[in-house]
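Notes follow the structure.
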Amino acid sequence: MSDSLKSLKVMTLDCQTTGASPTHGSILEICWSVATAKTPDAMDLESYLIEQEFLLPPRISKITGITDDDLEDANGSESVAKKLLKSIKRQKIQYCVIHFAKFEKSFLEDLFQSHLDMAFPTKYICTHEIAKRLYPDLPSRGIRALAGYFSNTIKEAKRAEDHVIATTSIWHHLVKELDQANIKSVKDLESWLANTSPAKREKRDYPLDKKIRLSMPKVPGIYKMLSKDKSVLYVGKAKSLHARVNSYFRGQKNRRQLHMEMLTQTFDISVTTTDTYLEAAILENEEIKRLSPTYNISLRDKKYQPVFYDRTFSEYAANYSDLHSIGPFSNKETLQPLINLYFALVENQDFENMLLQDVEAQIISEGFEIFSEEWELSLNNLSIRSLIAIGLVSLREDIEEDEDEDNEQAEADDEEQEWTPELISSVLLGICRHSARQYLRSKRLLKLASSQIFWKKAGKGNGWRYLKIENTKIAERESFKTARSIAKMIEPTFKQLSKINQASFDRLRILETEINRIRAEGREVRVY
């Protein structure tokens, strides 16, 4: 075996697990590859899903994308241990390269000890420990950050194969850096790791050229964080592109780790200016839907389908029509608690499944009676609309209309809350109030879907801005100095809507949010 780091044959390896240690979890997926530092490419990849004793925790399925169905043909852990040992012996591997090896080590040792009654047969090289010493000021040395820094973007889902490919590339680049530091052999590396400690970070060394961010314009628009290969990592909006972009690079404490991971991979920033912040917010939504950047979460396509209801709320459809004209609601689940309540009332169905905790049937029954008496409910003419009407009346009577829309339900869900008939009645009213708010919001969104919007631009003497919205999209836009032109521009609104999807629903939601923000700033807004 050559002692040279460049020609050393190693095994790069990664495990995805169901817990932080073998005591609290097990290996879910394992992948390994044979590689040398001469190239960044993994060779002879072997990847295996491993059978689990219990169902996967939802959190693990979410971060890996692996489901219980995927495990139907998974391998037994003993079988995988034997395959791994065979590969190590066949390739005569003496060193296993792992990113953050301290984590994998405990699982690998447990795997071999449990099934093969032996210690794991190779030594470990941790690329994270090397990176901490070579790049002390890099914002993040996590595997995604470091791989992106070296132009190898990892997919969002945490899969062992992707991490092995990334680790192989990282090893290739680290060995180049080690060679420049005159660390050329395995013995050199082991001595260097043993006798040096990671330097304390004095500042953050961002890959982005400082001149790029300092040259950002001081106007509204959107910005795109770009990787070394120009792929889009993140899209954001800003009132001032200069202020917003530079805010990422100010301050050293309490910075979000996800931001540090992203900034470690950011080599360039592109911007698109807009006339107003409202238009920046709309454009941001469009670009996130189009590009689906890794570090955008809230506005990415989540595969939900907005709906319109008929007047009885017994049917819904994706299209606006004379029959289905009430909406849009974000999805068919929005009003489901109210629909469940309606059927519990008219069909005497079990009400218990509407609560998140076990409550005595007698308390539920008494609370049900209090609610019915207070609102003079009659089963003869009860409807979902009448329950929404109860919520609307309650909202009008409430002097604190700006409270969080789920406040009533949140209070009832408190673990320390003692259930009483009065509280049950309050929960029922909370369901009606929540649905009434969603109903009012749907009316506002429907109006915006085909509308003309005029608003006072920020800053003294900046005039007015105009948008014409047709079928949820911007059809026209214009700026003018005074409000006198508004009356001449108003025309009948375009009523027909095509099938509404998440993108168009989000566009309307953003319009409403930004209109409310403008009003909160004391600027005039007119919607026709």
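Please note that chains go A, B, ... in the order of the structure tokens, that every chain numbers its residues from 1, and that ligands are numbered from 1 in the order shown.
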Contact table range 160-244 of chain A vs range 34-43 of chain A, cut-off 7 Å, shortest pair per residue, only C-alpha atoms, as a Markdown table:
```
| residue | atom | partner | partner_atom | distance |
| --- | --- | --- | --- | --- |
| A:Ile165 | CA | A:Ala42 | CA | 5.7 |
| A:Thr168 | CA | A:Pro40 | CA | 5.8 |
| A:Ser169 | CA | A:Pro40 | CA | 4.2 |
| A:Trp171 | CA | A:Ala37 | CA | 6.3 |
| A:His172 | CA | A:Ala37 | CA | 4.3 |
| A:Val175 | CA | A:Ala37 | CA | 6.5 |
```
Near Ser185 in chain A, counting only C-alpha atoms, which residues have an atom at most 12 Å away, once you skip same-chain residues fewer than 3 positions from it, shown as JSON, numbers by chain? {"A": [1, 2, 3, 4, 5, 6, 7, 8, 37, 175, 176, 178, 179, 181, 182, 188, 189, 190, 191, 192]}
Write out as a ChimeraX atom specification the residues lying within 8 Å of Tyr316 in chain A, counting only C-alpha atoms and excluding same-chain residues fewer than 6 positions away. /A:307-310,324,332
Thr420 in chain A environment, 9 Å, only C-alpha atoms, sequence neighbours closer than 5 positions dropped, as a PDB file with N, CA, C and O atoms, in the first residue's frame:
```pdb
ATOM      1  N   ILE A 363     -68.862  15.496  29.343  1.00  0.00           N
ATOM      2  CA  ILE A 363     -68.415  16.884  29.215  1.00  0.00           C
ATOM      3  C   ILE A 363     -68.634  17.381  27.788  1.00  0.00           C
ATOM      4  O   ILE A 363     -69.072  18.514  27.563  1.00  0.00           O
ATOM      5  N   ILE A 364     -68.363  16.524  26.816  1.00  0.00           N
ATOM      6  CA  ILE A 364     -68.584  16.891  25.415  1.00  0.00           C
ATOM      7  C   ILE A 364     -70.061  17.176  25.176  1.00  0.00           C
ATOM      8  O   ILE A 364     -70.428  18.178  24.556  1.00  0.00           O
ATOM      9  N   GLU A 366     -72.405  18.078  27.317  1.00  0.00           N
ATOM     10  CA  GLU A 366     -72.841  19.304  27.978  1.00  0.00           C
ATOM     11  C   GLU A 366     -72.310  20.551  27.258  1.00  0.00           C
ATOM     12  O   GLU A 366     -73.019  21.557  27.137  1.00  0.00           O
ATOM     13  N   GLY A 367     -71.083  20.497  26.786  1.00  0.00           N
ATOM     14  CA  GLY A 367     -70.524  21.618  26.043  1.00  0.00           C
ATOM     15  C   GLY A 367     -71.252  21.840  24.736  1.00  0.00           C
ATOM     16  O   GLY A 367     -71.478  22.982  24.312  1.00  0.00           O
ATOM     17  N   SER A 425     -67.621  24.305  24.455  1.00  0.00           N
ATOM     18  CA  SER A 425     -68.408  25.283  23.701  1.00  0.00           C
ATOM     19  C   SER A 425     -67.494  26.310  23.044  1.00  0.00           C
ATOM     20  O   SER A 425     -67.704  26.710  21.893  1.00  0.00           O
TER      21      SER A 425
END
```
Best match for closeness to Ile125 in chain A among A:Tyr234, A:Tyr320, A:Phe480, A:Phe100, counting only C-alpha atoms: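 Going through A:Tyr234, A:Tyr320, A:Phe480, A:Phe100 one by one, the smallest distance to Ile125 in chain A is for A:Phe100.
Nearest to Ile27 in chain A of all the residues A:Ile170, A:Val80, A:Cys15, A:Leu85 is A:Cys15, counting only C-alpha atoms.
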Of the residues A:Gln502, A:Ser298, A:Ser442, A:Ser435, which is the one nearest to Ile326 in chain A, using only C-alpha atoms?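 Of A:Gln502, A:Ser298, A:Ser442, A:Ser435, the one nearest Ile326 in chain A is A:Ser442, counting only C-alpha atoms.
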Please identify all polymer residues within 8 Å of Ser21 in chain A, counting only C-alpha atoms, omitting same-chain residues fewer than 2 positions from it, and present them as a PDB file with all heavy atoms, in the first residue's frame.
```pdb
ATOM      1  N   GLY A  19     -31.571   7.575  14.496  1.00  0.00           N
ATOM      2  CA  GLY A  19     -31.332   8.213  15.783  1.00  0.00           C
ATOM      3  C   GLY A  19     -29.907   8.715  15.867  1.00  0.00           C
ATOM      4  O   GLY A  19     -29.097   8.534  14.945  1.00  0.00           O
ATOM      5  N   THR A  23     -27.849   3.389  20.569  1.00  0.00           N
ATOM      6  CA  THR A  23     -28.768   3.170  21.688  1.00  0.00           C
ATOM      7  C   THR A  23     -30.171   3.658  21.362  1.00  0.00           C
ATOM      8  O   THR A  23     -31.164   3.082  21.812  1.00  0.00           O
ATOM      9  CB  THR A  23     -28.260   3.898  22.953  1.00  0.00           C
ATOM     10  OG1 THR A  23     -26.926   3.477  23.223  1.00  0.00           O
ATOM     11  CG2 THR A  23     -29.144   3.605  24.149  1.00  0.00           C
ATOM     12  N   HIS A  24     -30.252   4.734  20.556  1.00  0.00           N
ATOM     13  CA  HIS A  24     -31.544   5.357  20.268  1.00  0.00           C
ATOM     14  C   HIS A  24     -31.933   5.271  18.788  1.00  0.00           C
ATOM     15  O   HIS A  24     -32.878   5.938  18.365  1.00  0.00           O
ATOM     16  CB  HIS A  24     -31.521   6.817  20.704  1.00  0.00           C
ATOM     17  CG  HIS A  24     -31.247   7.011  22.162  1.00  0.00           C
ATOM     18  ND1 HIS A  24     -29.999   7.331  22.651  1.00  0.00           N
ATOM     19  CD2 HIS A  24     -32.060   6.892  23.243  1.00  0.00           C
ATOM     20  CE1 HIS A  24     -30.054   7.428  23.965  1.00  0.00           C
ATOM     21  NE2 HIS A  24     -31.287   7.163  24.360  1.00  0.00           N
ATOM     22  N   GLY A  25     -31.235   4.474  18.026  1.00  0.00           N
ATOM     23  CA  GLY A  25     -31.578   4.368  16.616  1.00  0.00           C
ATOM     24  C   GLY A  25     -30.787   3.266  15.945  1.00  0.00           C
ATOM     25  O   GLY A  25     -30.045   2.511  16.592  1.00  0.00           O
ATOM     26  N   SER A  26     -30.926   3.161  14.645  1.00  0.00           N
ATOM     27  CA  SER A  26     -30.228   2.117  13.888  1.00  0.00           C
ATOM     28  C   SER A  26     -29.864   2.662  12.513  1.00  0.00           C
ATOM     29  O   SER A  26     -30.352   3.712  12.085  1.00  0.00           O
ATOM     30  CB  SER A  26     -31.135   0.882  13.732  1.00  0.00           C
ATOM     31  OG  SER A  26     -32.343   1.239  13.051  1.00  0.00           O
ATOM     32  N   PHE A 103     -19.635  10.428  14.248  1.00  0.00           N
ATOM     33  CA  PHE A 103     -21.027   9.964  14.242  1.00  0.00           C
ATOM     34  C   PHE A 103     -21.125   8.546  13.687  1.00  0.00           C
ATOM     35  O   PHE A 103     -21.683   7.645  14.313  1.00  0.00           O
ATOM     36  CB  PHE A 103     -21.885  10.924  13.413  1.00  0.00           C
ATOM     37  CG  PHE A 103     -23.326  10.499  13.300  1.00  0.00           C
ATOM     38  CD1 PHE A 103     -24.226  10.788  14.301  1.00  0.00           C
ATOM     39  CD2 PHE A 103     -23.773   9.791  12.185  1.00  0.00           C
ATOM     40  CE1 PHE A 103     -25.553  10.398  14.201  1.00  0.00           C
ATOM     41  CE2 PHE A 103     -25.089   9.392  12.071  1.00  0.00           C
ATOM     42  CZ  PHE A 103     -25.982   9.692  13.090  1.00  0.00           C
ATOM     43  N   SER A 106     -19.642   5.116  15.776  1.00  0.00           N
ATOM     44  CA  SER A 106     -20.385   4.369  16.794  1.00  0.00           C
ATOM     45  C   SER A 106     -21.343   3.359  16.156  1.00  0.00           C
ATOM     46  O   SER A 106     -21.505   2.240  16.651  1.00  0.00           O
ATOM     47  CB  SER A 106     -21.149   5.324  17.702  1.00  0.00           C
ATOM     48  OG  SER A 106     -22.111   6.066  16.975  1.00  0.00           O
ATOM     49  N   PHE A 107     -21.957   3.731  15.046  1.00  0.00           N
ATOM     50  CA  PHE A 107     -22.878   2.818  14.368  1.00  0.00           C
ATOM     51  C   PHE A 107     -22.133   1.676  13.689  1.00  0.00           C
ATOM     52  O   PHE A 107     -22.586   0.525  13.704  1.00  0.00           O
ATOM     53  CB  PHE A 107     -23.731   3.586  13.349  1.00  0.00           C
ATOM     54  CG  PHE A 107     -24.833   4.398  13.968  1.00  0.00           C
ATOM     55  CD1 PHE A 107     -24.649   5.740  14.240  1.00  0.00           C
ATOM     56  CD2 PHE A 107     -26.049   3.816  14.289  1.00  0.00           C
ATOM     57  CE1 PHE A 107     -25.656   6.497  14.818  1.00  0.00           C
ATOM     58  CE2 PHE A 107     -27.068   4.559  14.861  1.00  0.00           C
ATOM     59  CZ  PHE A 107     -26.870   5.907  15.132  1.00  0.00           C
TER      60      PHE A 107
END
```
Check range 6-234 of chain A with DSSP on the backbone and list each residue it calls strand (DSSP E), as a CSV table (one decimal) with C-alpha atoms, in the first residue's frame.
```
chain,number,residue,atom,x,y,z
A,10,VAL,CA,-9.6,4.5,0.6
A,11,MET,CA,-13.3,3.7,1.3
A,12,THR,CA,-15.6,6.7,1.4
A,13,LEU,CA,-18.7,5.8,3.5
A,14,ASP,CA,-21.9,7.3,4.8
A,15,CYS,CA,-24.7,6.1,7.0
A,16,GLN,CA,-28.2,7.5,7.4
A,17,THR,CA,-29.7,6.5,10.7
A,27,ILE,CA,-28.6,2.4,10.5
A,28,LEU,CA,-31.3,3.0,7.9
A,29,GLU,CA,-29.2,3.3,4.8
A,30,ILE,CA,-25.5,2.8,4.1
A,31,CYS,CA,-23.3,3.4,1.1
A,32,TRP,CA,-19.6,3.0,0.4
A,33,SER,CA,-17.2,3.5,-2.5
A,34,VAL,CA,-13.6,2.9,-3.3
A,35,ALA,CA,-11.6,6.0,-4.3
A,43,MET,CA,-15.9,4.2,-7.9
A,44,ASP,CA,-17.7,0.9,-7.3
A,45,LEU,CA,-20.6,2.4,-5.3
A,46,GLU,CA,-22.6,0.0,-3.2
A,47,SER,CA,-25.7,1.3,-1.4
A,48,TYR,CA,-28.2,-0.6,0.8
A,49,LEU,CA,-31.4,0.1,2.7
A,95,TYR,CA,-8.6,3.6,5.8
A,96,CYS,CA,-12.3,4.7,5.7
A,97,VAL,CA,-12.9,8.4,4.8
A,98,ILE,CA,-16.1,9.8,6.4
A,123,LYS,CA,-8.9,3.2,10.6
A,124,TYR,CA,-11.0,6.4,10.2
A,125,ILE,CA,-10.1,9.6,8.4
A,126,CYS,CA,-12.5,12.5,9.2
A,221,GLY,CA,-36.1,43.9,-6.3
A,222,ILE,CA,-35.1,40.2,-5.9
A,223,TYR,CA,-31.7,38.7,-5.4
A,224,LYS,CA,-30.4,35.2,-6.3
A,225,MET,CA,-27.6,33.5,-4.4
A,226,LEU,CA,-25.6,31.6,-6.9
A,232,VAL,CA,-29.5,29.1,-7.8
A,233,LEU,CA,-29.3,28.4,-4.1
A,234,TYR,CA,-31.8,31.0,-2.8
```
Could you tell me, as a ChimeraX atom specification, which residues of range 277-522 of chain A DSSP assigns to alpha helix (DSSP H) when given the backbone? /A:277-291,336-346,361-374,384-397,407-413,421-449,486-489,502-520
